[in-house]
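For reference, model.tsv is printed below; it contains TSV, C-alpha atoms.
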chain	number	residue	atom	x	y	z
A	15	MET	CA	-4.63	-2.07	-31.02
A	16	GLU	CA	-3.94	-1.71	-27.32
A	17	LYS	CA	-6.97	-2.74	-25.30
A	18	ILE	CA	-8.63	-0.49	-22.72
A	19	ASP	CA	-8.25	-1.11	-18.98
A	20	ILE	CA	-11.98	-1.00	-18.29
A	21	LYS	CA	-11.73	-1.76	-14.55
A	22	SER	CA	-9.67	1.40	-13.98
A	23	MET	CA	-12.49	3.58	-15.36
A	24	ASN	CA	-14.66	5.53	-12.94
A	25	MET	CA	-18.43	5.64	-13.40
A	26	SER	CA	-18.40	8.85	-15.42
A	27	GLU	CA	-15.71	7.58	-17.81
A	28	LEU	CA	-17.44	4.23	-18.19
A	29	ALA	CA	-20.79	5.90	-18.93
A	30	ASP	CA	-19.21	8.07	-21.64
A	31	PHE	CA	-17.50	5.02	-23.13
A	32	ILE	CA	-20.67	2.93	-23.17
A	33	MET	CA	-22.69	5.72	-24.78
A	34	GLN	CA	-19.99	6.10	-27.45
A	35	LEU	CA	-20.72	2.48	-28.31
A	36	GLY	CA	-24.35	3.45	-28.88
A	37	GLN	CA	-25.57	1.84	-25.68
A	38	PRO	CA	-27.85	3.35	-23.01
A	39	LYS	CA	-26.12	4.97	-20.03
A	40	PHE	CA	-27.60	2.53	-17.48
A	41	ARG	CA	-25.46	-0.24	-18.97
A	42	ALA	CA	-22.43	1.44	-17.39
A	43	SER	CA	-23.82	0.90	-13.89
A	44	GLN	CA	-24.44	-2.77	-14.64
A	45	ILE	CA	-20.93	-3.29	-16.02
A	46	PHE	CA	-19.31	-1.32	-13.18
A	47	LYS	CA	-21.08	-3.53	-10.64
A	48	TRP	CA	-19.86	-6.70	-12.37
A	49	LEU	CA	-16.28	-5.44	-12.61
A	50	HIS	CA	-16.13	-4.50	-8.94
A	51	SER	CA	-17.73	-7.72	-7.75
A	52	GLY	CA	-14.63	-9.52	-9.01
A	53	VAL	CA	-15.87	-10.85	-12.36
A	54	THR	CA	-12.97	-11.38	-14.77
A	55	ASP	CA	-14.85	-12.58	-17.87
A	56	PHE	CA	-17.29	-10.46	-19.89
A	57	ASP	CA	-19.30	-13.60	-20.69
A	58	LEU	CA	-20.27	-13.88	-17.01
A	59	MET	CA	-22.11	-10.54	-17.16
A	60	SER	CA	-25.47	-12.25	-17.53
A	61	ASP	CA	-27.63	-9.11	-17.81
A	62	ILE	CA	-25.52	-7.63	-20.62
A	63	LYS	CA	-26.53	-8.44	-24.20
A	64	LYS	CA	-24.19	-10.78	-26.04
A	65	GLU	CA	-23.58	-8.22	-28.79
A	66	LEU	CA	-22.25	-5.71	-26.24
A	67	ARG	CA	-20.22	-8.36	-24.42
A	68	GLU	CA	-18.52	-9.29	-27.70
A	69	ARG	CA	-17.78	-5.63	-28.43
A	70	LEU	CA	-16.30	-5.16	-24.98
A	71	LYS	CA	-14.07	-8.21	-25.48
A	72	GLU	CA	-12.76	-6.66	-28.69
A	73	LEU	CA	-11.97	-3.29	-27.11
A	74	CYS	CA	-11.21	-3.95	-23.45
A	75	TYR	CA	-9.57	-6.25	-20.95
A	76	ILE	CA	-10.42	-6.99	-17.33
A	77	ALA	CA	-7.33	-6.80	-15.12
A	78	ASP	CA	-6.74	-9.72	-12.79
A	79	VAL	CA	-3.94	-11.40	-10.84
A	80	ASN	CA	-3.01	-15.06	-10.75
A	81	ILE	CA	-1.83	-16.78	-7.58
A	82	VAL	CA	1.69	-18.11	-8.19
A	83	LYS	CA	2.43	-18.98	-4.58
A	84	LYS	CA	0.43	-18.94	-1.36
A	85	LEU	CA	1.86	-19.25	2.13
A	86	VAL	CA	-0.37	-19.65	5.18
A	87	SER	CA	0.96	-18.99	8.67
A	88	LYS	CA	0.51	-21.85	11.10
A	89	ILE	CA	0.79	-19.31	13.92
A	90	ASP	CA	-2.00	-16.84	13.14
A	91	GLY	CA	-3.50	-17.74	9.74
A	92	THR	CA	-1.94	-14.80	7.91
A	93	VAL	CA	-1.86	-15.51	4.16
A	94	LYS	CA	0.89	-14.24	1.88
A	95	TYR	CA	0.35	-14.21	-1.87
A	96	LEU	CA	2.79	-14.00	-4.72
A	97	TYR	CA	0.70	-12.78	-7.65
A	98	GLU	CA	1.53	-12.79	-11.35
A	99	LEU	CA	0.29	-9.93	-13.53
A	100	TYR	CA	-0.69	-10.04	-17.21
A	101	ASP	CA	2.89	-9.31	-18.33
A	102	GLY	CA	4.54	-11.87	-16.07
A	103	GLU	CA	5.59	-9.36	-13.39
A	104	LEU	CA	5.31	-10.50	-9.78
A	105	ILE	CA	3.91	-8.65	-6.77
A	106	GLU	CA	2.99	-9.53	-3.20
A	107	SER	CA	-0.06	-9.06	-0.99
A	108	VAL	CA	-0.81	-10.14	2.56
A	109	LEU	CA	-4.20	-11.04	4.04
A	110	MET	CA	-4.47	-10.60	7.82
A	111	LYS	CA	-7.32	-11.48	10.14
A	112	TYR	CA	-8.13	-9.27	13.11
A	113	GLU	CA	-11.02	-9.19	15.55
A	114	HIS	CA	-12.60	-6.40	13.52
A	115	GLY	CA	-12.35	-8.27	10.20
A	116	TYR	CA	-9.97	-8.91	7.33
A	117	THR	CA	-7.25	-6.52	6.20
A	118	VAL	CA	-5.33	-6.76	2.92
A	119	CYS	CA	-1.92	-5.17	2.50
A	120	ILE	CA	-1.56	-4.36	-1.20
A	121	SER	CA	1.33	-3.42	-3.46
A	122	THR	CA	1.25	-0.24	-5.58
A	123	GLN	CA	4.31	-0.85	-7.75
A	124	VAL	CA	6.30	-3.77	-9.11
A	125	GLY	CA	9.42	-3.30	-7.00
A	126	CYS	CA	10.32	0.13	-5.65
A	127	ARG	CA	12.87	2.84	-6.37
A	128	MET	CA	13.02	4.40	-2.91
A	129	GLY	CA	15.99	2.20	-1.95
A	130	CYS	CA	15.34	2.01	1.81
A	131	SER	CA	18.15	-0.08	3.28
A	132	PHE	CA	15.95	-2.08	5.68
A	133	CYS	CA	13.33	-3.08	3.08
A	134	ALA	CA	13.36	-6.06	0.72
A	135	SER	CA	10.87	-4.51	-1.74
A	136	GLY	CA	13.36	-2.19	-3.40
A	137	ILE	CA	16.43	-4.44	-3.51
A	138	ASN	CA	16.02	-5.02	-7.25
A	139	GLY	CA	14.67	-1.53	-8.01
A	140	LEU	CA	11.49	-0.47	-9.77
A	141	TYR	CA	10.04	-2.27	-12.78
A	142	ARG	CA	6.75	-0.45	-13.31
A	143	ASN	CA	3.73	1.16	-11.66
A	144	LEU	CA	0.56	-0.77	-10.97
A	145	THR	CA	-2.73	0.41	-12.42
A	146	ALA	CA	-5.70	1.11	-10.16
A	147	SER	CA	-7.33	-2.07	-11.50
A	148	GLU	CA	-4.28	-4.15	-10.52
A	149	MET	CA	-4.50	-2.75	-6.99
A	150	LEU	CA	-8.21	-3.61	-6.83
A	151	SER	CA	-7.51	-7.08	-8.20
A	152	GLN	CA	-5.25	-7.95	-5.27
A	153	ILE	CA	-8.15	-7.43	-2.87
A	154	MET	CA	-10.62	-9.27	-5.10
A	155	ALA	CA	-8.30	-12.26	-5.48
A	156	ALA	CA	-7.90	-12.57	-1.70
A	157	GLU	CA	-11.67	-12.34	-1.20
A	158	ARG	CA	-12.31	-14.93	-3.92
A	159	ASP	CA	-9.66	-17.33	-2.65
A	160	ASN	CA	-10.90	-17.23	0.96
A	161	ASN	CA	-14.62	-16.58	0.39
A	162	ILE	CA	-14.49	-13.51	2.63
A	163	ARG	CA	-15.25	-9.81	2.61
A	164	VAL	CA	-12.27	-7.49	3.16
A	165	SER	CA	-13.06	-4.50	5.37
A	166	ASN	CA	-9.69	-2.75	5.63
A	167	VAL	CA	-6.87	-1.99	3.19
A	168	VAL	CA	-3.32	-0.87	3.82
A	169	MET	CA	-1.26	0.47	0.93
A	170	MET	CA	1.96	-0.67	2.54
A	171	GLY	CA	3.07	-3.47	0.25
A	172	MET	CA	5.69	-3.28	-2.46
A	173	GLY	CA	6.24	0.19	-3.88
A	174	GLU	CA	5.74	3.82	-2.89
A	175	PRO	CA	2.09	4.87	-3.40
A	176	LEU	CA	2.96	8.55	-3.81
A	177	ASP	CA	5.53	7.67	-6.47
A	178	ASN	CA	2.54	6.23	-8.37
A	179	PHE	CA	0.30	9.13	-7.40
A	180	ASP	CA	-2.39	9.20	-10.09
A	181	ASN	CA	-3.05	5.46	-10.00
A	182	SER	CA	-3.09	5.45	-6.18
A	183	VAL	CA	-5.65	8.27	-6.09
A	184	ARG	CA	-7.79	6.55	-8.71
A	185	PHE	CA	-7.65	3.34	-6.66
A	186	LEU	CA	-8.85	5.20	-3.56
A	187	GLN	CA	-11.76	6.68	-5.50
A	188	LEU	CA	-12.74	3.34	-7.03
A	189	VAL	CA	-12.37	1.09	-3.98
A	190	SER	CA	-14.51	3.44	-1.89
A	191	SER	CA	-17.28	3.83	-4.48
A	192	ASP	CA	-20.68	2.85	-3.10
A	193	LYS	CA	-21.39	1.23	-6.48
A	194	GLY	CA	-18.21	-0.85	-6.21
A	195	MET	CA	-16.34	-2.53	-3.35
A	196	ASN	CA	-17.55	0.21	-1.01
A	197	ILE	CA	-14.62	0.01	1.41
A	198	GLY	CA	-14.76	3.23	3.41
A	199	LEU	CA	-11.78	5.57	3.13
A	200	ARG	CA	-11.55	5.67	6.93
A	201	HIS	CA	-10.67	1.97	6.70
A	202	ILE	CA	-7.72	2.60	4.37
A	203	SER	CA	-4.13	3.50	5.26
A	204	LEU	CA	-1.58	4.84	2.81
A	205	SER	CA	2.08	4.53	3.72
A	206	THR	CA	4.77	6.78	2.27
A	207	SER	CA	8.51	6.91	2.76
A	208	GLY	CA	8.25	10.69	2.83
A	209	VAL	CA	7.56	11.92	-0.70
A	210	VAL	CA	6.78	15.50	0.29
A	211	SER	CA	5.52	16.58	-3.14
A	212	GLY	CA	2.99	13.72	-3.00
A	213	ILE	CA	1.83	14.61	0.51
A	214	GLU	CA	1.29	18.18	-0.63
A	215	LYS	CA	-0.87	17.02	-3.55
A	216	LEU	CA	-2.71	14.41	-1.49
A	217	LYS	CA	-3.96	16.95	1.02
A	218	GLU	CA	-5.89	18.71	-1.76
A	219	TYR	CA	-8.12	15.63	-2.09
A	220	ASN	CA	-8.87	15.67	1.65
A	221	PHE	CA	-9.44	11.90	1.74
A	222	PRO	CA	-10.35	10.68	5.27
A	223	ILE	CA	-7.67	7.97	5.04
A	224	THR	CA	-4.91	7.32	7.56
A	225	LEU	CA	-1.61	8.70	6.31
A	226	SER	CA	1.30	6.62	7.56
A	227	ILE	CA	4.78	8.10	7.39
A	228	SER	CA	7.78	5.78	7.36
A	229	LEU	CA	9.97	7.93	9.59
A	230	HIS	CA	12.34	5.40	11.19
A	231	ALA	CA	14.83	7.94	12.56
A	232	PRO	CA	14.66	11.34	14.27
A	233	PHE	CA	18.04	12.61	13.02
A	234	ASP	CA	18.81	13.43	9.37
A	235	ASP	CA	22.18	11.69	9.33
A	236	ILE	CA	20.68	8.40	10.55
A	237	ARG	CA	17.61	8.67	8.30
A	238	SER	CA	19.63	9.56	5.21
A	239	GLY	CA	21.73	6.45	5.77
A	240	MET	CA	18.59	4.34	5.87
A	241	MET	CA	16.37	6.12	3.33
A	242	LYS	CA	17.49	7.85	0.12
A	243	VAL	CA	14.34	9.98	0.08
A	244	ASN	CA	15.65	11.93	3.09
A	245	LYS	CA	18.42	13.40	0.94
A	246	LYS	CA	15.75	15.10	-1.19
A	247	TRP	CA	13.25	15.93	1.56
A	248	ASN	CA	14.77	15.99	5.02
A	249	ILE	CA	12.93	15.49	8.29
A	250	GLU	CA	12.15	19.19	8.70
A	251	ALA	CA	10.56	19.39	5.23
A	252	LEU	CA	8.67	16.14	5.82
A	253	LEU	CA	7.20	17.18	9.17
A	254	ARG	CA	6.28	20.60	7.77
A	255	ALA	CA	4.31	18.82	5.04
A	256	CYS	CA	2.69	16.60	7.69
A	257	ARG	CA	1.56	19.62	9.70
A	258	GLU	CA	0.10	21.24	6.59
A	259	TYR	CA	-1.62	17.99	5.63
A	260	GLN	CA	-3.13	17.67	9.09
A	261	ALA	CA	-4.31	21.28	9.08
A	262	VAL	CA	-6.41	20.48	6.00
A	263	THR	CA	-7.59	16.95	6.78
A	264	THR	CA	-7.73	17.08	10.63
A	265	ARG	CA	-6.76	13.39	10.53
A	266	ARG	CA	-4.33	11.78	12.95
A	267	ILE	CA	-1.07	10.77	11.29
A	268	SER	CA	0.68	7.48	11.98
A	269	PHE	CA	4.47	7.41	12.09
A	270	GLU	CA	6.10	4.06	11.36
A	271	TYR	CA	9.38	3.49	13.21
A	272	ALA	CA	11.35	0.30	12.52
A	273	LEU	CA	13.57	-0.30	15.54
A	274	ILE	CA	17.06	-1.42	14.53
A	275	GLU	CA	19.56	-2.46	17.15
A	276	GLY	CA	22.34	0.06	17.60
A	277	VAL	CA	21.01	2.37	14.89
A	278	ASN	CA	17.88	4.18	16.06
A	279	ASP	CA	16.93	2.59	19.40
A	280	SER	CA	18.78	4.83	21.87
A	281	THR	CA	17.30	7.04	24.59
A	282	GLU	CA	18.68	10.00	22.64
A	283	CYS	CA	16.61	8.91	19.62
A	284	ALA	CA	13.48	8.54	21.75
A	285	ASP	CA	13.98	12.00	23.23
A	286	ARG	CA	14.55	13.59	19.83
A	287	LEU	CA	11.60	11.77	18.29
A	288	ALA	CA	9.24	13.06	20.98
A	289	MET	CA	10.55	16.58	20.48
A	290	ILE	CA	10.14	16.74	16.68
A	291	LEU	CA	6.62	15.26	16.80
A	292	LYS	CA	5.41	17.83	19.33
A	293	GLY	CA	2.26	19.56	18.12
A	294	ILE	CA	1.32	16.85	15.61
A	295	MET	CA	-1.72	14.72	16.43
A	296	CYS	CA	-0.12	11.37	15.84
A	297	HIS	CA	0.56	7.79	16.80
A	298	VAL	CA	3.95	6.09	16.63
A	299	ASN	CA	3.91	2.50	15.48
A	300	LEU	CA	7.09	0.78	16.66
A	301	ILE	CA	8.09	-2.09	14.38
A	302	PRO	CA	10.75	-4.60	15.39
A	303	ALA	CA	12.98	-4.63	12.29
A	304	ASN	CA	12.59	-7.61	10.00
A	305	PRO	CA	15.87	-9.34	9.13
A	306	VAL	CA	16.74	-8.99	5.44
A	307	LYS	CA	19.44	-11.17	3.92
A	308	GLU	CA	20.94	-8.23	2.02
A	309	ASN	CA	21.79	-6.22	5.17
A	310	SER	CA	23.04	-6.85	8.69
A	311	PHE	CA	20.25	-5.08	10.58
A	312	LYS	CA	18.93	-6.76	13.72
A	313	LYS	CA	15.94	-5.97	15.86
A	314	PRO	CA	16.55	-5.03	19.50
A	315	ASP	CA	15.54	-7.52	22.15
A	316	ARG	CA	12.06	-7.27	23.63
A	317	THR	CA	13.23	-5.47	26.75
A	318	LYS	CA	14.85	-2.69	24.75
A	319	ILE	CA	11.81	-2.33	22.48
A	320	LEU	CA	9.51	-1.89	25.48
A	321	LYS	CA	11.98	0.54	27.06
A	322	PHE	CA	11.94	2.70	23.90
A	323	GLN	CA	8.13	2.62	23.91
A	324	LYS	CA	8.01	3.70	27.56
A	325	GLU	CA	10.43	6.54	26.89
A	326	LEU	CA	8.10	7.87	24.21
A	327	ILE	CA	4.99	7.48	26.34
A	328	ASP	CA	6.70	9.23	29.27
A	329	ARG	CA	7.36	12.15	26.90
A	330	GLY	CA	3.69	12.35	25.91
A	331	VAL	CA	3.81	10.39	22.64
A	332	ASN	CA	1.17	7.76	21.90
A	333	ALA	CA	3.26	4.72	20.94
A	334	THR	CA	2.49	1.03	20.47
A	335	VAL	CA	4.53	-1.96	19.34
A	336	ARG	CA	3.18	-3.53	16.17
A	337	ARG	CA	1.93	-7.07	16.56
A	338	THR	CA	3.96	-9.37	14.33
A	339	LEU	CA	1.84	-11.43	11.96
A	340	GLY	CA	2.99	-14.19	9.62
A	341	SER	CA	6.47	-14.40	11.11
A	342	ASP	CA	6.83	-17.99	9.91
A	343	ILE	CA	6.04	-17.16	6.26
A	344	ASP	CA	8.20	-14.05	5.63
A	345	ALA	CA	5.08	-11.85	5.56
A	346	SER	CA	7.14	-8.67	5.20
A	347	CYS	CA	6.91	-7.26	1.70
A	348	GLY	CA	9.43	-8.11	-0.97
A	349	GLN	CA	10.96	-11.20	0.60
A	350	LEU	CA	8.95	-13.73	-1.38
A	351	ARG	CA	9.31	-11.95	-4.70
A	352	SER	CA	13.02	-11.29	-4.28
A	353	ARG	CA	13.59	-15.03	-4.02
A	354	ALA	CA	11.46	-15.65	-7.12
A	355	GLU	CA	13.36	-13.46	-9.55
A	356	ARG	CA	16.46	-11.40	-10.21
A	357	ARG	CA	16.23	-8.95	-13.11
A	358	ILE	CA	17.41	-5.51	-14.27
A	359	PRO	CA	15.11	-2.73	-12.99
A	360	CYS	CA	14.04	0.56	-14.57
A	361	ALA	CA	16.46	3.49	-14.35
A	362	ASP	CA	16.33	5.29	-11.03
A	363	LYS	CA	14.63	8.65	-11.58
A	364	GLN	CA	14.52	9.76	-7.96

Output the structure of this file as structure tokens.
Amino acid sequence: MEKIDIKSMNMSELADFIMQLGQPKFRASQIFKWLHSGVTDFDLMSDIKKELRERLKELCYIADVNIVKKLVSKIDGTVKYLYELYDGELIESVLMKYEHGYTVCISTQVGCRMGCSFCASGINGLYRNLTASEMLSQIMAAERDNNIRVSNVVMMGMGEPLDNFDNSVRFLQLVSSDKGMNIGLRHISLSTSGVVSGIEKLKEYNFPITLSISLHAPFDDIRSGMMKVNKKWNIEALLRACREYQAVTTRRISFEYALIEGVNDSTECADRLAMILKGIMCHVNLIPANPVKENSFKKPDRTKILKFQKELIDRGVNATVRRTLGSDIDASCGQLRSRAERRIPCADKQ
């Protein structure tokens, strides 16, 4: 019998499940609190009767991740984790320290099928989706390992969150529960490569999260060469979805723009980018491209990066250059895992 992923249950589901076992409803609140405090063993739930703990062990499992490798930056203390899941799959997370607290960048899939040419996460394709409990477990493991409290989460690790829509939404609901980790949705960012159908569904939930769009080019021919998703939903369709999303949520949108020398760093690109973003309340996050062994992309020199930023600002666009963290430990997603394994991915369904 396949065991139940109890940590992915919301309070209502857990209450129904507990009552089906002939237990009072209040037990669900106790168990939920234990699960979301990071407990990974039913026997540690000290206020739950042994009879119920044994029954839960028979029927359920508590998702967790094991640290396979841990790299700590000597420059800024950024910590990169290679985690192993219950089935031996590997994912990555990054813990970053800022003045305002700790931020964890989590993965939402094992691998990725978006196939963006500048990203190491999708080089070997997609293996499977992560459950909501496996997303939560990445945060809990980082807190446990460092004896800290995480205050911010970015869903920008391995995978495309909107390609794993239901689990990503369930994660958002669970991680923000006041009976659980209680991380406010305003402290969570979700990054998408531009899955328009997912953006359209996400706006119906009206979560006060920060939606981050991996744009990376202002012209369709350049973007299609970098990102397969643009061949299905081009820039016009993507920005239309962004405007509709913003009309519902009233939240500022962040546009991620990886600057690649000789590809998307020209004055013409800056001019076009400012033009297509007109009317959208947004922020452009300029990211010096990370070198990936599998391609020949290079980041522009610092002078050219600052020139591109100034060109955007002069055209009325709020633009900043992302601070690079963990540069000495390959903190960009996918690089650590790609060196750890080479296997055959799932079929590409995109």

Counting all atoms listed in the file, select every polymer residue within 8 Å of (-3.6, 4.1, -7.6) as defined in the file's coordinates, and provide the selection as a PyMOL selection string.
chain A and resi 122+144-146+149+175+178-186

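The space separating CA of Glu325 in chain A from CA of Thr281 in chain A comes to 7.3 Å.
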
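Pairwise distance (CA of Ala155 in chain A, CA of Ile89 in chain A) equals 22.6 Å.
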
Fewer than 3 positions away in the same chain doesn't count, so skip those; otherwise give me all residues within 8 Å of Val210 in chain A, counting only C-alpha atoms, as a list in words.
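Skipping anything fewer than 3 positions along the chain leaves Ile213, Glu214, Trp247, Ala251, Leu252 and Ala255 of chain A.
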
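CA of Ser191 in chain A lies 9.5 Å from CA of His50 in chain A.
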